[in-house]
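What follows is the content of input.pdb (PDB, N, CA and C atoms).
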MODEL        1
ATOM      1  N   MET A  21     -14.726   1.273   0.989
ATOM      2  CA  MET A  21     -13.378   0.819   0.741
ATOM      3  C   MET A  21     -12.514   2.054   0.488
ATOM      4  N   VAL A  22     -11.318   2.019   1.012
ATOM      5  CA  VAL A  22     -10.387   3.128   0.783
ATOM      6  C   VAL A  22      -9.459   2.795  -0.381
ATOM      7  N   ALA A  23      -9.090   3.802  -1.126
ATOM      8  CA  ALA A  23      -8.237   3.609  -2.298
ATOM      9  C   ALA A  23      -6.777   3.465  -1.901
ATOM     10  N   SER A  24      -6.005   2.887  -2.787
ATOM     11  CA  SER A  24      -4.579   2.687  -2.546
ATOM     12  C   SER A  24      -3.895   4.000  -2.188
ATOM     13  N   GLY A  25      -3.131   3.939  -1.103
ATOM     14  CA  GLY A  25      -2.352   5.094  -0.692
ATOM     15  C   GLY A  25      -3.055   6.056   0.232
ATOM     16  N   THR A  26      -4.383   6.064   0.247
ATOM     17  CA  THR A  26      -5.100   7.059   1.046
ATOM     18  C   THR A  26      -5.090   6.748   2.533
ATOM     19  N   PHE A  27      -4.825   5.514   2.912
ATOM     20  CA  PHE A  27      -4.812   5.114   4.320
ATOM     21  C   PHE A  27      -3.480   4.489   4.704
ATOM     22  N   GLY A  28      -2.428   4.767   3.947
ATOM     23  CA  GLY A  28      -1.126   4.206   4.275
ATOM     24  C   GLY A  28      -1.195   2.689   4.309
ATOM     25  N   TYR A  29      -0.821   2.136   5.452
ATOM     26  CA  TYR A  29      -0.884   0.684   5.645
ATOM     27  C   TYR A  29      -2.049   0.310   6.558
ATOM     28  N   GLY A  30      -2.926   1.273   6.868
ATOM     29  CA  GLY A  30      -4.098   1.015   7.697
ATOM     30  C   GLY A  30      -3.932   1.443   9.135
ATOM     31  N   GLU A  31      -2.854   1.048   9.747
ATOM     32  CA  GLU A  31      -2.647   1.308  11.172
ATOM     33  C   GLU A  31      -2.611   2.802  11.488
ATOM     34  N   GLU A  32      -2.185   3.607  10.537
ATOM     35  CA  GLU A  32      -2.082   5.050  10.746
ATOM     36  C   GLU A  32      -3.425   5.689  11.088
ATOM     37  N   PHE A  33      -4.531   5.054  10.687
ATOM     38  CA  PHE A  33      -5.854   5.630  10.893
ATOM     39  C   PHE A  33      -6.702   4.853  11.896
ATOM     40  N   ALA A  34      -6.107   3.881  12.554
ATOM     41  CA  ALA A  34      -6.862   3.004  13.457
ATOM     42  C   ALA A  34      -7.515   3.751  14.610
ATOM     43  N   GLU A  35      -6.930   4.851  15.055
ATOM     44  CA  GLU A  35      -7.518   5.608  16.160
ATOM     45  C   GLU A  35      -8.555   6.618  15.681
ATOM     46  N   LEU A  36      -8.657   6.828  14.385
ATOM     47  CA  LEU A  36      -9.584   7.816  13.835
ATOM     48  C   LEU A  36     -10.867   7.213  13.292
ATOM     49  N   ILE A  37     -10.806   5.961  12.873
ATOM     50  CA  ILE A  37     -11.956   5.333  12.228
ATOM     51  C   ILE A  37     -11.957   3.842  12.545
ATOM     52  N   ASP A  38     -13.142   3.258  12.580
ATOM     53  CA  ASP A  38     -13.257   1.812  12.767
ATOM     54  C   ASP A  38     -12.933   1.145  11.429
ATOM     55  N   LEU A  39     -11.730   0.652  11.300
ATOM     56  CA  LEU A  39     -11.287   0.077  10.029
ATOM     57  C   LEU A  39     -12.115  -1.129   9.616
ATOM     58  N   GLU A  40     -12.680  -1.838  10.586
ATOM     59  CA  GLU A  40     -13.492  -3.012  10.256
ATOM     60  C   GLU A  40     -14.866  -2.626   9.715
ATOM     61  N   ALA A  41     -15.226  -1.349   9.822
ATOM     62  CA  ALA A  41     -16.487  -0.879   9.249
ATOM     63  C   ALA A  41     -16.350  -0.633   7.746
ATOM     64  N   LEU A  42     -15.125  -0.603   7.278
ATOM     65  CA  LEU A  42     -14.878  -0.408   5.853
ATOM     66  C   LEU A  42     -15.062  -1.721   5.106
ATOM     67  N   GLY A  43     -15.437  -1.635   3.849
ATOM     68  CA  GLY A  43     -15.567  -2.835   3.033
ATOM     69  C   GLY A  43     -14.230  -3.467   2.706
ATOM     70  N   GLY A  44     -13.185  -2.674   2.817
ATOM     71  CA  GLY A  44     -11.843  -3.177   2.555
ATOM     72  C   GLY A  44     -10.821  -2.069   2.674
ATOM     73  N   ILE A  45      -9.581  -2.475   2.808
ATOM     74  CA  ILE A  45      -8.467  -1.539   2.861
ATOM     75  C   ILE A  45      -7.495  -1.918   1.756
ATOM     76  N   VAL A  46      -7.154  -0.938   0.937
ATOM     77  CA  VAL A  46      -6.124  -1.129  -0.078
ATOM     78  C   VAL A  46      -4.893  -0.390   0.431
ATOM     79  N   THR A  47      -3.804  -1.110   0.617
ATOM     80  CA  THR A  47      -2.590  -0.492   1.155
ATOM     81  C   THR A  47      -1.974   0.473   0.154
ATOM     82  N   LYS A  48      -1.084   1.297   0.674
ATOM     83  CA  LYS A  48      -0.269   2.085  -0.241
ATOM     84  C   LYS A  48       0.576   1.101  -1.040
ATOM     85  N   THR A  49       1.085   1.512  -2.148
ATOM     86  CA  THR A  49       1.810   0.632  -3.052
ATOM     87  C   THR A  49       3.051   0.030  -2.396
ATOM     88  N   ILE A  50       3.261  -1.258  -2.651
ATOM     89  CA  ILE A  50       4.429  -1.986  -2.165
ATOM     90  C   ILE A  50       5.290  -2.358  -3.371
ATOM     91  N   THR A  51       6.594  -2.150  -3.248
ATOM     92  CA  THR A  51       7.549  -2.535  -4.289
ATOM     93  C   THR A  51       8.529  -3.556  -3.720
ATOM     94  N   LEU A  52       9.346  -4.121  -4.588
ATOM     95  CA  LEU A  52      10.295  -5.138  -4.148
ATOM     96  C   LEU A  52      11.253  -4.575  -3.098
ATOM     97  N   LYS A  53      11.819  -3.437  -3.363
ATOM     98  CA  LYS A  53      12.761  -2.781  -2.443
ATOM     99  C   LYS A  53      12.115  -1.522  -1.870
ATOM    100  N   GLU A  54      12.577  -1.127  -0.718
ATOM    101  CA  GLU A  54      12.107   0.112  -0.096
ATOM    102  C   GLU A  54      12.388   1.291  -1.029
ATOM    103  N   ARG A  55      11.455   2.233  -1.060
ATOM    104  CA  ARG A  55      11.623   3.426  -1.895
ATOM    105  C   ARG A  55      11.380   4.675  -1.063
ATOM    106  N   ALA A  56      12.262   5.652  -1.207
ATOM    107  CA  ALA A  56      12.105   6.924  -0.496
ATOM    108  C   ALA A  56      11.100   7.832  -1.196
ATOM    109  N   GLY A  57      10.851   7.602  -2.454
ATOM    110  CA  GLY A  57       9.936   8.455  -3.208
ATOM    111  C   GLY A  57      10.637   9.705  -3.705
ATOM    112  N   HIS A  58       9.846  10.620  -4.250
ATOM    113  CA  HIS A  58      10.391  11.859  -4.789
ATOM    114  C   HIS A  58      10.718  12.833  -3.666
ATOM    115  N   PRO A  59      11.719  13.684  -3.884
ATOM    116  CA  PRO A  59      12.001  14.724  -2.886
ATOM    117  C   PRO A  59      10.902  15.792  -2.926
ATOM    118  N   PRO A  60      10.710  16.504  -1.826
ATOM    119  CA  PRO A  60       9.725  17.602  -1.817
ATOM    120  C   PRO A  60      10.148  18.697  -2.790
ATOM    121  N   PRO A  61       9.197  19.425  -3.318
ATOM    122  CA  PRO A  61       7.766  19.340  -3.036
ATOM    123  C   PRO A  61       7.129  18.189  -3.810
ATOM    124  N   ARG A  62       6.175  17.543  -3.187
ATOM    125  CA  ARG A  62       5.495  16.398  -3.790
ATOM    126  C   ARG A  62       4.088  16.743  -4.254
ATOM    127  N   THR A  63       3.614  17.902  -3.870
ATOM    128  CA  THR A  63       2.268  18.320  -4.262
ATOM    129  C   THR A  63       2.315  19.723  -4.843
ATOM    130  N   CYS A  64       1.326  20.023  -5.674
ATOM    131  CA  CYS A  64       1.226  21.337  -6.304
ATOM    132  C   CYS A  64      -0.247  21.664  -6.490
ATOM    133  N   GLU A  65      -0.648  22.815  -5.977
ATOM    134  CA  GLU A  65      -2.031  23.256  -6.159
ATOM    135  C   GLU A  65      -2.170  23.868  -7.545
ATOM    136  N   THR A  66      -3.273  23.546  -8.219
ATOM    137  CA  THR A  66      -3.555  24.088  -9.541
ATOM    138  C   THR A  66      -4.959  24.678  -9.529
ATOM    139  N   PRO A  67      -5.330  25.463 -10.537
ATOM    140  CA  PRO A  67      -6.696  25.996 -10.584
ATOM    141  C   PRO A  67      -7.758  24.891 -10.612
ATOM    142  N   ALA A  68      -7.407  23.727 -11.130
ATOM    143  CA  ALA A  68      -8.367  22.630 -11.237
ATOM    144  C   ALA A  68      -8.307  21.659 -10.065
ATOM    145  N   GLY A  69      -7.423  21.896  -9.102
ATOM    146  CA  GLY A  69      -7.301  20.970  -7.977
ATOM    147  C   GLY A  69      -5.867  20.853  -7.517
ATOM    148  N   MET A  70      -5.444  19.630  -7.328
ATOM    149  CA  MET A  70      -4.106  19.404  -6.812
ATOM    150  C   MET A  70      -3.441  18.274  -7.589
ATOM    151  N   LEU A  71      -2.152  18.398  -7.824
ATOM    152  CA  LEU A  71      -1.353  17.330  -8.421
ATOM    153  C   LEU A  71      -0.413  16.797  -7.361
ATOM    154  N   ASN A  72      -0.157  15.502  -7.410
ATOM    155  CA  ASN A  72       0.859  14.959  -6.505
ATOM    156  C   ASN A  72       1.717  13.954  -7.249
ATOM    157  N   ALA A  73       2.938  13.860  -6.799
ATOM    158  CA  ALA A  73       3.891  12.881  -7.333
ATOM    159  C   ALA A  73       4.732  12.413  -6.151
ATOM    160  N   ILE A  74       4.187  11.463  -5.409
ATOM    161  CA  ILE A  74       4.842  10.973  -4.197
ATOM    162  C   ILE A  74       6.038  10.097  -4.556
ATOM    163  N   GLY A  75       5.939   9.371  -5.657
ATOM    164  CA  GLY A  75       7.051   8.522  -6.081
ATOM    165  C   GLY A  75       7.010   7.123  -5.501
ATOM    166  N   LEU A  76       5.828   6.683  -5.076
ATOM    167  CA  LEU A  76       5.628   5.335  -4.539
ATOM    168  C   LEU A  76       6.529   5.034  -3.338
ATOM    169  N   ALA A  77       6.696   6.009  -2.465
ATOM    170  CA  ALA A  77       7.468   5.790  -1.236
ATOM    171  C   ALA A  77       6.834   4.653  -0.441
ATOM    172  N   ASN A  78       7.645   3.674  -0.037
ATOM    173  CA  ASN A  78       7.121   2.547   0.733
ATOM    174  C   ASN A  78       8.258   1.783   1.390
ATOM    175  N   VAL A  79       7.899   0.876   2.284
ATOM    176  CA  VAL A  79       8.886   0.143   3.085
ATOM    177  C   VAL A  79       9.479  -1.072   2.372
ATOM    178  N   GLY A  80       8.972  -1.429   1.209
ATOM    179  CA  GLY A  80       9.439  -2.632   0.519
ATOM    180  C   GLY A  80       8.688  -3.857   1.014
ATOM    181  N   VAL A  81       8.643  -4.878   0.184
ATOM    182  CA  VAL A  81       7.798  -6.037   0.469
ATOM    183  C   VAL A  81       8.222  -6.798   1.724
ATOM    184  N   GLU A  82       9.515  -6.968   1.948
ATOM    185  CA  GLU A  82       9.935  -7.747   3.121
ATOM    186  C   GLU A  82       9.568  -7.047   4.422
ATOM    187  N   ARG A  83       9.820  -5.735   4.518
ATOM    188  CA  ARG A  83       9.438  -4.992   5.723
ATOM    189  C   ARG A  83       7.924  -4.929   5.864
ATOM    190  N   PHE A  84       7.208  -4.827   4.731
ATOM    191  CA  PHE A  84       5.751  -4.822   4.792
ATOM    192  C   PHE A  84       5.250  -6.104   5.444
ATOM    193  N   ILE A  85       5.760  -7.240   4.994
ATOM    194  CA  ILE A  85       5.324  -8.529   5.544
ATOM    195  C   ILE A  85       5.668  -8.626   7.024
ATOM    196  N   GLU A  86       6.848  -8.184   7.403
ATOM    197  CA  GLU A  86       7.295  -8.298   8.798
ATOM    198  C   GLU A  86       6.663  -7.266   9.723
ATOM    199  N   GLU A  87       6.530  -6.022   9.264
ATOM    200  CA  GLU A  87       6.142  -4.929  10.153
ATOM    201  C   GLU A  87       4.710  -4.440   9.997
ATOM    202  N   LYS A  88       4.161  -4.478   8.803
ATOM    203  CA  LYS A  88       2.841  -3.888   8.554
ATOM    204  C   LYS A  88       1.728  -4.921   8.473
ATOM    205  N   LEU A  89       2.010  -6.061   7.886
ATOM    206  CA  LEU A  89       0.985  -7.085   7.695
ATOM    207  C   LEU A  89       0.427  -7.642   9.001
ATOM    208  N   PRO A  90       1.214  -7.795  10.068
ATOM    209  CA  PRO A  90       0.630  -8.316  11.311
ATOM    210  C   PRO A  90      -0.576  -7.504  11.802
ATOM    211  N   PHE A  91      -0.537  -6.198  11.677
ATOM    212  CA  PHE A  91      -1.685  -5.375  12.066
ATOM    213  C   PHE A  91      -2.878  -5.665  11.161
ATOM    214  N   LEU A  92      -2.653  -5.713   9.856
ATOM    215  CA  LEU A  92      -3.742  -5.950   8.910
ATOM    216  C   LEU A  92      -4.380  -7.319   9.114
ATOM    217  N   ARG A  93      -3.585  -8.305   9.497
ATOM    218  CA  ARG A  93      -4.112  -9.660   9.720
ATOM    219  C   ARG A  93      -5.204  -9.675  10.784
ATOM    220  N   LYS A  94      -5.119  -8.788  11.753
ATOM    221  CA  LYS A  94      -6.086  -8.757  12.853
ATOM    222  C   LYS A  94      -7.444  -8.212  12.430
ATOM    223  N   LEU A  95      -7.503  -7.493  11.333
ATOM    224  CA  LEU A  95      -8.731  -6.828  10.916
ATOM    225  C   LEU A  95      -9.694  -7.790  10.234
ATOM    226  N   ARG A  96     -10.971  -7.611  10.544
ATOM    227  CA  ARG A  96     -12.019  -8.387   9.880
ATOM    228  C   ARG A  96     -12.616  -7.537   8.765
ATOM    229  N   THR A  97     -11.830  -7.334   7.753
ATOM    230  CA  THR A  97     -12.247  -6.651   6.533
ATOM    231  C   THR A  97     -11.366  -7.179   5.407
ATOM    232  N   VAL A  98     -11.696  -6.855   4.199
ATOM    233  CA  VAL A  98     -10.908  -7.317   3.057
ATOM    234  C   VAL A  98      -9.592  -6.541   3.012
ATOM    235  N   ARG A  99      -8.496  -7.272   2.895
ATOM    236  CA  ARG A  99      -7.160  -6.679   2.858
ATOM    237  C   ARG A  99      -6.575  -6.839   1.463
ATOM    238  N   ILE A 100      -6.386  -5.701   0.817
ATOM    239  CA  ILE A 100      -5.880  -5.680  -0.553
ATOM    240  C   ILE A 100      -4.525  -4.982  -0.544
ATOM    241  N   VAL A 101      -3.524  -5.609  -1.127
ATOM    242  CA  VAL A 101      -2.188  -5.023  -1.182
ATOM    243  C   VAL A 101      -1.929  -4.558  -2.609
ATOM    244  N   ASN A 102      -1.599  -3.283  -2.749
ATOM    245  CA  ASN A 102      -1.277  -2.711  -4.046
ATOM    246  C   ASN A 102       0.208  -2.925  -4.318
ATOM    247  N   VAL A 103       0.527  -3.375  -5.525
ATOM    248  CA  VAL A 103       1.893  -3.751  -5.896
ATOM    249  C   VAL A 103       2.330  -2.985  -7.142
ATOM    250  N   ALA A 104       3.588  -2.572  -7.150
ATOM    251  CA  ALA A 104       4.182  -1.959  -8.342
ATOM    252  C   ALA A 104       5.585  -2.515  -8.536
ATOM    253  N   GLY A 105       6.065  -2.400  -9.747
ATOM    254  CA  GLY A 105       7.423  -2.828 -10.053
ATOM    255  C   GLY A 105       7.954  -2.058 -11.240
ATOM    256  N   SER A 106       9.249  -2.086 -11.396
ATOM    257  CA  SER A 106       9.883  -1.433 -12.544
ATOM    258  C   SER A 106      10.008  -2.387 -13.721
ATOM    259  N   THR A 107       9.940  -3.687 -13.426
ATOM    260  CA  THR A 107      10.028  -4.708 -14.468
ATOM    261  C   THR A 107       8.984  -5.784 -14.187
ATOM    262  N   GLN A 108       8.719  -6.602 -15.187
ATOM    263  CA  GLN A 108       7.795  -7.716 -15.003
ATOM    264  C   GLN A 108       8.306  -8.650 -13.908
ATOM    265  N   ASP A 109       9.607  -8.893 -13.884
ATOM    266  CA  ASP A 109      10.188  -9.772 -12.865
ATOM    267  C   ASP A 109       9.965  -9.232 -11.457
ATOM    268  N   GLU A 110      10.032  -7.918 -11.289
ATOM    269  CA  GLU A 110       9.784  -7.336  -9.962
ATOM    270  C   GLU A 110       8.338  -7.556  -9.532
ATOM    271  N   TYR A 111       7.399  -7.353 -10.444
ATOM    272  CA  TYR A 111       5.994  -7.616 -10.119
ATOM    273  C   TYR A 111       5.815  -9.065  -9.676
ATOM    274  N   VAL A 112       6.387  -9.975 -10.437
ATOM    275  CA  VAL A 112       6.258 -11.401 -10.131
ATOM    276  C   VAL A 112       6.856 -11.717  -8.767
ATOM    277  N   GLU A 113       8.030 -11.183  -8.470
ATOM    278  CA  GLU A 113       8.693 -11.472  -7.196
ATOM    279  C   GLU A 113       7.903 -10.913  -6.013
ATOM    280  N   VAL A 114       7.415  -9.687  -6.122
ATOM    281  CA  VAL A 114       6.616  -9.118  -5.025
ATOM    282  C   VAL A 114       5.364  -9.964  -4.810
ATOM    283  N   CYS A 115       4.679 -10.313  -5.875
ATOM    284  CA  CYS A 115       3.461 -11.125  -5.753
ATOM    285  C   CYS A 115       3.769 -12.507  -5.193
ATOM    286  N   ARG A 116       4.889 -13.090  -5.581
ATOM    287  CA  ARG A 116       5.283 -14.407  -5.060
ATOM    288  C   ARG A 116       5.489 -14.338  -3.551
ATOM    289  N   LEU A 117       6.174 -13.305  -3.086
ATOM    290  CA  LEU A 117       6.409 -13.155  -1.645
ATOM    291  C   LEU A 117       5.103 -12.898  -0.891
ATOM    292  N   LEU A 118       4.221 -12.092  -1.466
ATOM    293  CA  LEU A 118       2.939 -11.813  -0.812
ATOM    294  C   LEU A 118       2.039 -13.042  -0.795
ATOM    295  N   GLU A 119       2.116 -13.853  -1.846
ATOM    296  CA  GLU A 119       1.296 -15.063  -1.918
ATOM    297  C   GLU A 119       1.615 -16.017  -0.768
ATOM    298  N   LYS A 120       2.869 -16.050  -0.342
ATOM    299  CA  LYS A 120       3.283 -16.921   0.762
ATOM    300  C   LYS A 120       2.816 -16.398   2.118
ATOM    301  N   ALA A 121       2.566 -15.106   2.203
ATOM    302  CA  ALA A 121       2.198 -14.482   3.480
ATOM    303  C   ALA A 121       0.707 -14.669   3.744
ATOM    304  N   GLU A 122       0.362 -14.939   4.988
ATOM    305  CA  GLU A 122      -1.051 -15.081   5.356
ATOM    306  C   GLU A 122      -1.650 -13.719   5.644
ATOM    307  N   GLY A 123      -2.945 -13.590   5.359
ATOM    308  CA  GLY A 123      -3.658 -12.385   5.732
ATOM    309  C   GLY A 123      -3.885 -11.399   4.604
ATOM    310  N   ILE A 124      -3.622 -11.806   3.376
ATOM    311  CA  ILE A 124      -3.863 -10.941   2.220
ATOM    312  C   ILE A 124      -4.971 -11.575   1.396
ATOM    313  N   ASP A 125      -6.021 -10.799   1.145
ATOM    314  CA  ASP A 125      -7.154 -11.332   0.396
ATOM    315  C   ASP A 125      -7.013 -11.141  -1.110
ATOM    316  N   LEU A 126      -6.464 -10.003  -1.508
ATOM    317  CA  LEU A 126      -6.333  -9.687  -2.930
ATOM    318  C   LEU A 126      -5.050  -8.906  -3.174
ATOM    319  N   ILE A 127      -4.576  -8.959  -4.403
ATOM    320  CA  ILE A 127      -3.441  -8.144  -4.829
ATOM    321  C   ILE A 127      -3.919  -7.270  -5.981
ATOM    322  N   GLU A 128      -3.626  -5.978  -5.881
ATOM    323  CA  GLU A 128      -3.960  -5.004  -6.922
ATOM    324  C   GLU A 128      -2.656  -4.544  -7.562
ATOM    325  N   LEU A 129      -2.633  -4.452  -8.882
ATOM    326  CA  LEU A 129      -1.420  -4.040  -9.580
ATOM    327  C   LEU A 129      -1.509  -2.593 -10.034
ATOM    328  N   THR A 130      -0.457  -1.834  -9.780
ATOM    329  CA  THR A 130      -0.302  -0.497 -10.348
ATOM    330  C   THR A 130       0.476  -0.670 -11.642
ATOM    331  N   VAL A 131      -0.145  -0.320 -12.746
ATOM    332  CA  VAL A 131       0.532  -0.474 -14.041
ATOM    333  C   VAL A 131       0.721   0.874 -14.714
TER     334      VAL A 131
ENDMDL
END

Show me this structure written as structure tokens.
Amino acid sequence: MVASGTFGYGEEFAELIDLEALGGIVTKTITLKERAGHPPPRTCETPAGMLNAIGLANVGVERFIEEKLPFLRKLRTVRIVNVAGSTQDEYVEVCRLLEKAEGIDLIELTV
């Protein structure tokens, strides 16, 4: 299984790996509204490794359902959508919209 954010929305890696061979795909985080994320630089090398602060850049829940979910629906693997919000109401609204959409097996919350 791939961790949230490491495979984008899945389709980005479809030509590099058999996505159906994975136990599941966790999408990059989805928020209620589209987010551009933090401006560069977003990564910093340190003596102990690397730090990143992408800022949860994503297309927003409505575009995710319309543009990204159709690809994920075709896959025969577990589809997990990671969700974040700035308020409790945002979490609830994103989850409500995803619950109506077909092709999502689980929802993971970023808290």

Residue with the minimum atom-to-atom distance to Glu113 in chain A, picked from A:Leu126, A:Asn78, A:Leu52, A:Leu92 with all atoms listed in the file counted, is A:Leu52

Could you check the closest approach to Ile127 in chain A for each of A:Val103, A:Val114, A:Ala68, A:Leu95 and tell me which residue wins, using all atoms listed in the file?
A:Val103

Using the chain letters and numbers from the file, give me the residues hit by the PyMOL selection byres ((chain A and resi 81) around 8), as number ranges by chain.
A: 49-55, 78-80, 82-87, 114, 117-118

Can you give me, as a PyMOL selection string, the residues this file yields under the PyMOL selection byres (((chain A and resi 130 and name CA) around 12) and name CA)?
chain A and resi 24-25+46-51+76+101-108+111+127-129+131

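Backbone DSSP assigns alpha helix (DSSP H) in range 25-119 of chain A to Val81, Glu82, Arg83, Leu89, Pro90, Phe91, Leu92, Arg93, Gln108, Asp109, Glu110, Tyr111, Val112, Glu113, Val114, Cys115, Arg116, Leu117, Leu118 and Glu119 of chain A.
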
From a backbone DSSP assignment, name each residue in range 30-72 of chain A labelled strand (DSSP E), as a PyMOL selection string.
chain A and resi 44-46+63-66+69-72

Run the PyMOL selection byres ((chain A and resi 32-43) around 5) against the file shown and list the residues it catches, as a short mmCIF file (atom, residue, chain, number, x, y, z; two decimals) with N, CA and C atoms, in the coordinates of the input.
data_model
loop_
_atom_site.label_atom_id
_atom_site.label_comp_id
_atom_site.auth_asym_id
_atom_site.auth_seq_id
_atom_site.Cartn_x
_atom_site.Cartn_y
_atom_site.Cartn_z
N MET A 21 -14.73 1.27 0.99
CA MET A 21 -13.38 0.82 0.74
C MET A 21 -12.51 2.05 0.49
N GLY A 30 -2.93 1.27 6.87
CA GLY A 30 -4.10 1.01 7.70
C GLY A 30 -3.93 1.44 9.14
N GLU A 31 -2.85 1.05 9.75
CA GLU A 31 -2.65 1.31 11.17
C GLU A 31 -2.61 2.80 11.49
N GLY A 44 -13.18 -2.67 2.82
CA GLY A 44 -11.84 -3.18 2.56
C GLY A 44 -10.82 -2.07 2.67
N ILE A 45 -9.58 -2.48 2.81
CA ILE A 45 -8.47 -1.54 2.86
C ILE A 45 -7.50 -1.92 1.76
N ARG A 96 -10.97 -7.61 10.54
CA ARG A 96 -12.02 -8.39 9.88
C ARG A 96 -12.62 -7.54 8.76
N VAL A 98 -11.70 -6.86 4.20
CA VAL A 98 -10.91 -7.32 3.06
C VAL A 98 -9.59 -6.54 3.01
#

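Note that the spacing between CA of Asp109 in chain A and atom C of Asn72 in chain A amounts to 25.8 Å.
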
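Taking all atoms listed in the file into account, His58 in chain A lies nearest to A:Ala73 out of the set A:Ala73, A:Val22, A:Leu89, A:Ile124.
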
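Atom to atom, atom C of Arg62 in chain A and atom C of Ile100 in chain A stand 23.7 Å apart.
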
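Atom pair CA of Pro61 in chain A / CA of Ile74 in chain A has a distance of 8.9 Å (rounded to one decimal).
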
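Counting only N, CA and C atoms, the residue from A:Leu71, A:Pro90, A:Pro60, A:Ala77 that sits nearest to Glu122 in chain A is A:Pro90.
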